[in-house]
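Enquirer: Please see the structure below; I have some questions.
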Amino acid sequence: MRTSLPTTAGRPRGRTLLGAAVLAAALTAGAVPAGAAQTAPAAGHRPLPYLDARLPVEQRVRDLLGRMTLEEKVGQMTQAERNAVDGDRAQITGLGLGSLLSGGGSTPTPNTPAAWADMVDAYQQRALDTRLHIPLLYGVDSVHGHGNLVGATVFPHNIAMGATRDPALVEQAERITATETRATGPQWVFAPCVCVARDDRWGRTYESFGEDPALVSRMETALDGFQGNGRSDLARPDRVLATVKHFAGDGDTAYGSSTSGSYTLDQGVTVTDHEHFRTVDLAPYVTAVQQHHAGSIMPSFSSVDWTEDGVGNPVKMSANKELLTDVLKQKIGFDGFLISDWEAIHQLPGDYAAQVRTAVDAGLDMFMEPYSAPQFEQTLLAEARAGRVPQSRIDDAVRRILRAKFELGLFEHPFTDRRNAGTVGSAAHRAVARRAVAESQVLLKNTGHALPLKANQKIYVAGANADDIGNQAGGWTVTWQGGSGSTIPGSTVLQGIRAAAPATTYSRDASAPTDGYDVGVVVIGETPYAEGVGDVGNGHTLAISAADRAAVDRVCGTIPTCVVLDVAGRPQIITDELPKTDAFVMSWLPGSEGEGVADVLFGKQAFTGKLPVSWPRSEAQEPINVGDRNYDPLFPFGYGLTLHR
């Protein structure tokens, strides 16, 4: 990796504001040095309109678009993965790339805030070396905090945030995420997911706020946390451009419909009529656009198959002009830009030229082509020159992308503003995450006043998930799939319990003697996964593991009072285990602050969480959702006992 440029106050050294004479000479020559938009014009000279921050955004967009060649426009529509260009950063300039991203686990070495900012700024300098000096957009998956960065505040995943029923807390969490993300370089996040999870066998269930579109829409205050007031706050150092995903129906696919490897649900087919799709799958996007002014939207890998014209002719969302252009852009009024998912257009029919042509025509604006950016640009250029892709469609796409860059203030301040870098993983930020954990805990059973626990009780804790911060953080943590073990700093559930009751005994597999204890706490759950890798039927099940079952049997069978916590991204099948317990708590994936679980166990905070999804009696009962005919879950949507402090 090339050494990053040294920095002063967030700007590479040597990139000071240009003098008036230098600017005047540059304007005369028809070139604009990087940073010129920050400089007052020389006497008798006005800056080029697109560099004049005093002008309205739309006027600046119009001026810049009019100066661009076809090649420069296509470059703006292209996004590459950083690993594809890091060994030869001149590609950023040569290809005129509009954007880079860090996929899950794509990080600098060392993985620190300063290294992130140095890396992004070094890439940015390469973009500013192009003829028109158009800055890069840099995107990351900050889906529950700036999860790629070790040391960032890691919040509970969305399903837990849905359980809080606290839109203000969701907004606060995402503002912290925005602050920590932008202070380290990226100005754009691929979040929030506003999917409506209709089948808990889906490996992305935990990315959803819940199964009810009204609940998902309530939690879209996440967008305000990311972006601020509409999009007028985007240039602030504590805001980022948000991406609402995955448009639309990704959480409503039919089991067994996926054709992506061994996935069963993810990237599958939503078989639906227009009315169901409108009221369930599309509804959160109307809210996101019309009330929260989403800046970008990511179409889903999935397909839609309308029942009205007969099942059997699904259309991939990346090719669905009816939904992307006619409905989303025109009817709903979305004026941001559409970014494809990772190589999503490669799943379309035909050769690569047909895939590119179809997706551009359908309405995609920027293309996440992580390792094929040169091929994408060559292909789109050829299609445009042959007249198979209209210039007007390309202009529309680039106009949308440039608008976001102007709104983000990147022409004035292209380099990382590091003033908030010291807040990354700060005590104040972690305190908010801890409160989110506490508010998300759902008390499903509490007989005989098993809870709250008391500090003077003799407590025996068992289960692998009691002391595994990687498991409690879940997927999209440091890497795409996440990982077990000490992957991030923070506190485990066990550490939280021991902070309240220091004499607590821990036996991971419940093999230590259980005699003489007042209370047993068994922490069961899942190990990390992401996307379709976690689909049931793809090496996963909703059943609890044999080891967890054995721990419950041993502890609950020998200790007078038994409390079970489930650390998982979705409901697990506990129908047979539940009668063995005195109390049962759904803890979801709490992230870095396991002490928040202990806060409610010991009564420091009240239990107030409510189920954001229906809890099935058996795996075969899925999909089950509130409002279904013959609705009979183990616990209904919205269930949760209240236990006061």
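Simple scheme: letters A, B, ... for chains in structure tokens order, numbers from 1 for residues in each chain, numbers from 1 for ligands in the order shown.
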As number ranges by chain, which residues of range 39-155 of chain A does DSSP assign to helix (DSSP H, G or I)?
Expert: A: 49-51, 57-67, 70-76, 82-85, 90-95, 113-128
Enquirer: Take the residues just selected and output them with N, CA and C atoms as a compact mmCIF listing (two decimals), in the first residue's frame.
Expert:
```txt
# COMPACT_ATOMS: atom_id res chain seq x y z
N PRO A 49 -18.94 28.59 -12.88
CA PRO A 49 -20.17 28.49 -12.09
C PRO A 49 -20.24 27.25 -11.19
N TYR A 50 -19.76 26.11 -11.67
CA TYR A 50 -19.89 24.91 -10.83
C TYR A 50 -18.98 24.95 -9.61
N LEU A 51 -17.99 25.84 -9.62
CA LEU A 51 -17.09 25.99 -8.48
C LEU A 51 -17.50 27.13 -7.56
N VAL A 57 -27.45 24.79 -6.08
CA VAL A 57 -26.91 23.48 -6.48
C VAL A 57 -27.31 23.12 -7.90
N GLU A 58 -28.56 23.32 -8.25
CA GLU A 58 -29.01 22.90 -9.58
C GLU A 58 -28.27 23.67 -10.67
N GLN A 59 -27.96 24.92 -10.44
CA GLN A 59 -27.22 25.69 -11.44
C GLN A 59 -25.80 25.16 -11.57
N ARG A 60 -25.20 24.80 -10.45
CA ARG A 60 -23.84 24.26 -10.49
C ARG A 60 -23.82 22.91 -11.20
N VAL A 61 -24.82 22.08 -10.92
CA VAL A 61 -24.91 20.78 -11.60
C VAL A 61 -25.03 20.98 -13.10
N ARG A 62 -25.90 21.88 -13.50
CA ARG A 62 -26.14 22.13 -14.92
C ARG A 62 -24.87 22.60 -15.61
N ASP A 63 -24.14 23.47 -14.95
CA ASP A 63 -22.91 23.99 -15.55
C ASP A 63 -21.86 22.89 -15.70
N LEU A 64 -21.66 22.11 -14.65
CA LEU A 64 -20.64 21.07 -14.71
C LEU A 64 -21.01 20.00 -15.72
N LEU A 65 -22.27 19.60 -15.74
CA LEU A 65 -22.70 18.57 -16.68
C LEU A 65 -22.45 19.02 -18.11
N GLY A 66 -22.65 20.30 -18.38
CA GLY A 66 -22.43 20.82 -19.72
C GLY A 66 -20.97 20.84 -20.14
N ARG A 67 -20.06 20.75 -19.21
CA ARG A 67 -18.62 20.76 -19.52
C ARG A 67 -18.04 19.36 -19.67
N LEU A 70 -18.45 12.54 -22.66
CA LEU A 70 -19.14 11.28 -22.42
C LEU A 70 -18.30 10.39 -21.51
N GLU A 71 -17.00 10.35 -21.74
CA GLU A 71 -16.13 9.51 -20.91
C GLU A 71 -16.19 9.94 -19.45
N GLU A 72 -16.21 11.24 -19.19
CA GLU A 72 -16.26 11.73 -17.82
C GLU A 72 -17.60 11.42 -17.16
N LYS A 73 -18.65 11.46 -17.95
CA LYS A 73 -19.97 11.12 -17.41
C LYS A 73 -20.04 9.65 -17.02
N VAL A 74 -19.53 8.79 -17.89
CA VAL A 74 -19.54 7.35 -17.60
C VAL A 74 -18.68 7.06 -16.37
N GLY A 75 -17.58 7.77 -16.22
CA GLY A 75 -16.75 7.60 -15.04
C GLY A 75 -17.51 7.89 -13.76
N GLN A 76 -18.34 8.94 -13.79
CA GLN A 76 -19.12 9.28 -12.60
C GLN A 76 -20.15 8.19 -12.26
N ARG A 82 -12.08 -0.53 -3.32
CA ARG A 82 -10.76 0.07 -3.08
C ARG A 82 -9.63 -0.92 -3.38
N ASN A 83 -9.85 -2.19 -3.10
CA ASN A 83 -8.80 -3.18 -3.34
C ASN A 83 -8.47 -3.32 -4.82
N ALA A 84 -9.40 -2.93 -5.68
CA ALA A 84 -9.17 -3.04 -7.12
C ALA A 84 -8.24 -1.96 -7.63
N VAL A 85 -8.13 -0.86 -6.89
CA VAL A 85 -7.31 0.26 -7.36
C VAL A 85 -6.16 0.61 -6.42
N ALA A 90 -3.46 5.36 -9.77
CA ALA A 90 -3.62 6.18 -10.97
C ALA A 90 -4.87 5.79 -11.74
N GLN A 91 -5.39 4.58 -11.49
CA GLN A 91 -6.63 4.16 -12.15
C GLN A 91 -7.79 5.08 -11.78
N ILE A 92 -7.77 5.61 -10.57
CA ILE A 92 -8.85 6.51 -10.15
C ILE A 92 -8.92 7.71 -11.08
N THR A 93 -7.74 8.23 -11.40
CA THR A 93 -7.67 9.37 -12.31
C THR A 93 -7.95 8.94 -13.74
N GLY A 94 -7.30 7.86 -14.17
CA GLY A 94 -7.44 7.42 -15.55
C GLY A 94 -8.85 7.03 -15.92
N LEU A 95 -9.55 6.38 -15.00
CA LEU A 95 -10.93 5.96 -15.26
C LEU A 95 -11.93 7.06 -14.91
N PRO A 113 -8.86 5.08 12.92
CA PRO A 113 -9.49 6.26 12.33
C PRO A 113 -8.54 7.07 11.46
N ALA A 114 -7.30 7.27 11.93
CA ALA A 114 -6.35 8.07 11.15
C ALA A 114 -5.99 7.39 9.84
N ALA A 115 -5.80 6.07 9.88
CA ALA A 115 -5.45 5.34 8.66
C ALA A 115 -6.60 5.36 7.66
N TRP A 116 -7.83 5.27 8.15
CA TRP A 116 -8.99 5.39 7.27
C TRP A 116 -9.01 6.76 6.58
N ALA A 117 -8.86 7.80 7.36
CA ALA A 117 -8.92 9.15 6.79
C ALA A 117 -7.78 9.38 5.80
N ASP A 118 -6.58 8.92 6.15
CA ASP A 118 -5.44 9.05 5.23
C ASP A 118 -5.71 8.32 3.92
N MET A 119 -6.27 7.12 4.03
CA MET A 119 -6.56 6.32 2.84
C MET A 119 -7.58 7.02 1.93
N VAL A 120 -8.69 7.45 2.50
CA VAL A 120 -9.73 8.10 1.70
C VAL A 120 -9.19 9.38 1.08
N ASP A 121 -8.41 10.15 1.84
CA ASP A 121 -7.86 11.40 1.29
C ASP A 121 -6.89 11.15 0.15
N ALA A 122 -6.11 10.07 0.26
CA ALA A 122 -5.18 9.75 -0.81
C ALA A 122 -5.93 9.38 -2.09
N TYR A 123 -7.02 8.62 -1.94
CA TYR A 123 -7.85 8.32 -3.11
C TYR A 123 -8.48 9.60 -3.65
N GLN A 124 -8.94 10.45 -2.74
CA GLN A 124 -9.58 11.69 -3.16
C GLN A 124 -8.64 12.56 -3.97
N GLN A 125 -7.38 12.60 -3.57
CA GLN A 125 -6.42 13.40 -4.32
C GLN A 125 -6.32 12.93 -5.77
N ARG A 126 -6.36 11.64 -5.95
CA ARG A 126 -6.31 11.09 -7.32
C ARG A 126 -7.53 11.53 -8.13
N ALA A 127 -8.69 11.58 -7.50
CA ALA A 127 -9.88 12.05 -8.22
C ALA A 127 -9.77 13.52 -8.58
N LEU A 128 -9.19 14.30 -7.67
CA LEU A 128 -9.05 15.74 -7.91
C LEU A 128 -8.00 16.05 -8.97
```
Enquirer: Please return, as an NGL selection string, all residues of range 32-141 of chain A that DSSP assigns to strand (DSSP E) on the basis of the backbone.
Expert: :A and (78-81 or 99-102 or 137-140)
Enquirer: Quick one: everything within 9 Å of range 180-184 of chain A, counting only C-alpha atoms, minus sequence neighbours fewer than 4 positions away in the same chain. Send it as a PyMOL selection string.
Expert: chain A and resi 112-118+120+140+142+145-146+149+152-153+175-176+188-189+237-240+416-425
Enquirer: Which residue out of A:Leu611, A:Ala583, A:Leu101, A:Ala620 has the minimum interatomic distance to Ala163 in chain A when only C-alpha atoms are used?
Expert: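 The shortest atom-to-atom distance to Ala163 in chain A comes from A:Leu611.
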Enquirer: Mind checking which residues fall within 8 Å of Phe277 in chain A, counting only C-alpha atoms, ignoring those fewer than 5 positions away in the same chain, and posting them as a list in words?
Expert: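 Skipping anything fewer than 5 positions along the chain leaves Gly249, Thr272 and Leu282 of chain A.
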Enquirer: Would you mind exporting C-alpha atoms of the selected residues as a CSV table (one decimal), in the first residue's frame?
Expert:
```
chain,number,residue,atom,x,y,z
A,249,GLY,CA,-39.5,-6.8,-1.6
A,272,THR,CA,-47.0,-11.0,-5.2
A,282,LEU,CA,-43.1,-0.5,-1.2
```
Enquirer: May I have the residues within 8 Å of Pro192 in chain A as JSON, numbers by chain, using only C-alpha atoms and disregarding those fewer than 6 positions away in the same chain?
Expert: {"A": [143, 220, 222, 223, 242, 243, 244, 245]}
Enquirer: Excluding Ile159 in chain A and residues on its chain fewer than 3 positions from it, collect all residues at most 7 Å away from it, counting only C-alpha atoms, and give them as a PyMOL selection string.
Expert: chain A and resi 162-163+206-210+612
Enquirer: Excluding same-chain residues fewer than 4 positions from Thr279 in chain A, what lies within 10 Å of it counting only C-alpha atoms, as a ChimeraX atom specification?
Expert: /A:213-214,274-275,283-284
Enquirer: Rounded to one decimal place, report the CA of Gly147 in chain A-CA of Asp266 in chain A distance in Å.
Expert: 21.7 Å
Enquirer: Could you check which of A:Asp341, A:Asp326, A:Asp535, A:Asp141 is closest to Thr479 in chain A, using only C-alpha atoms?
Expert: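 Nearest to Thr479 in chain A: A:Asp141.
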Enquirer: With distances taken over only C-alpha atoms, which residue among A:Gly363, A:Gly557, A:Pro108, A:Pro616 lies nearest Leu323 in chain A?
Expert: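 Ranked by minimum distance to Leu323 in chain A, first place goes to A:Gly363.
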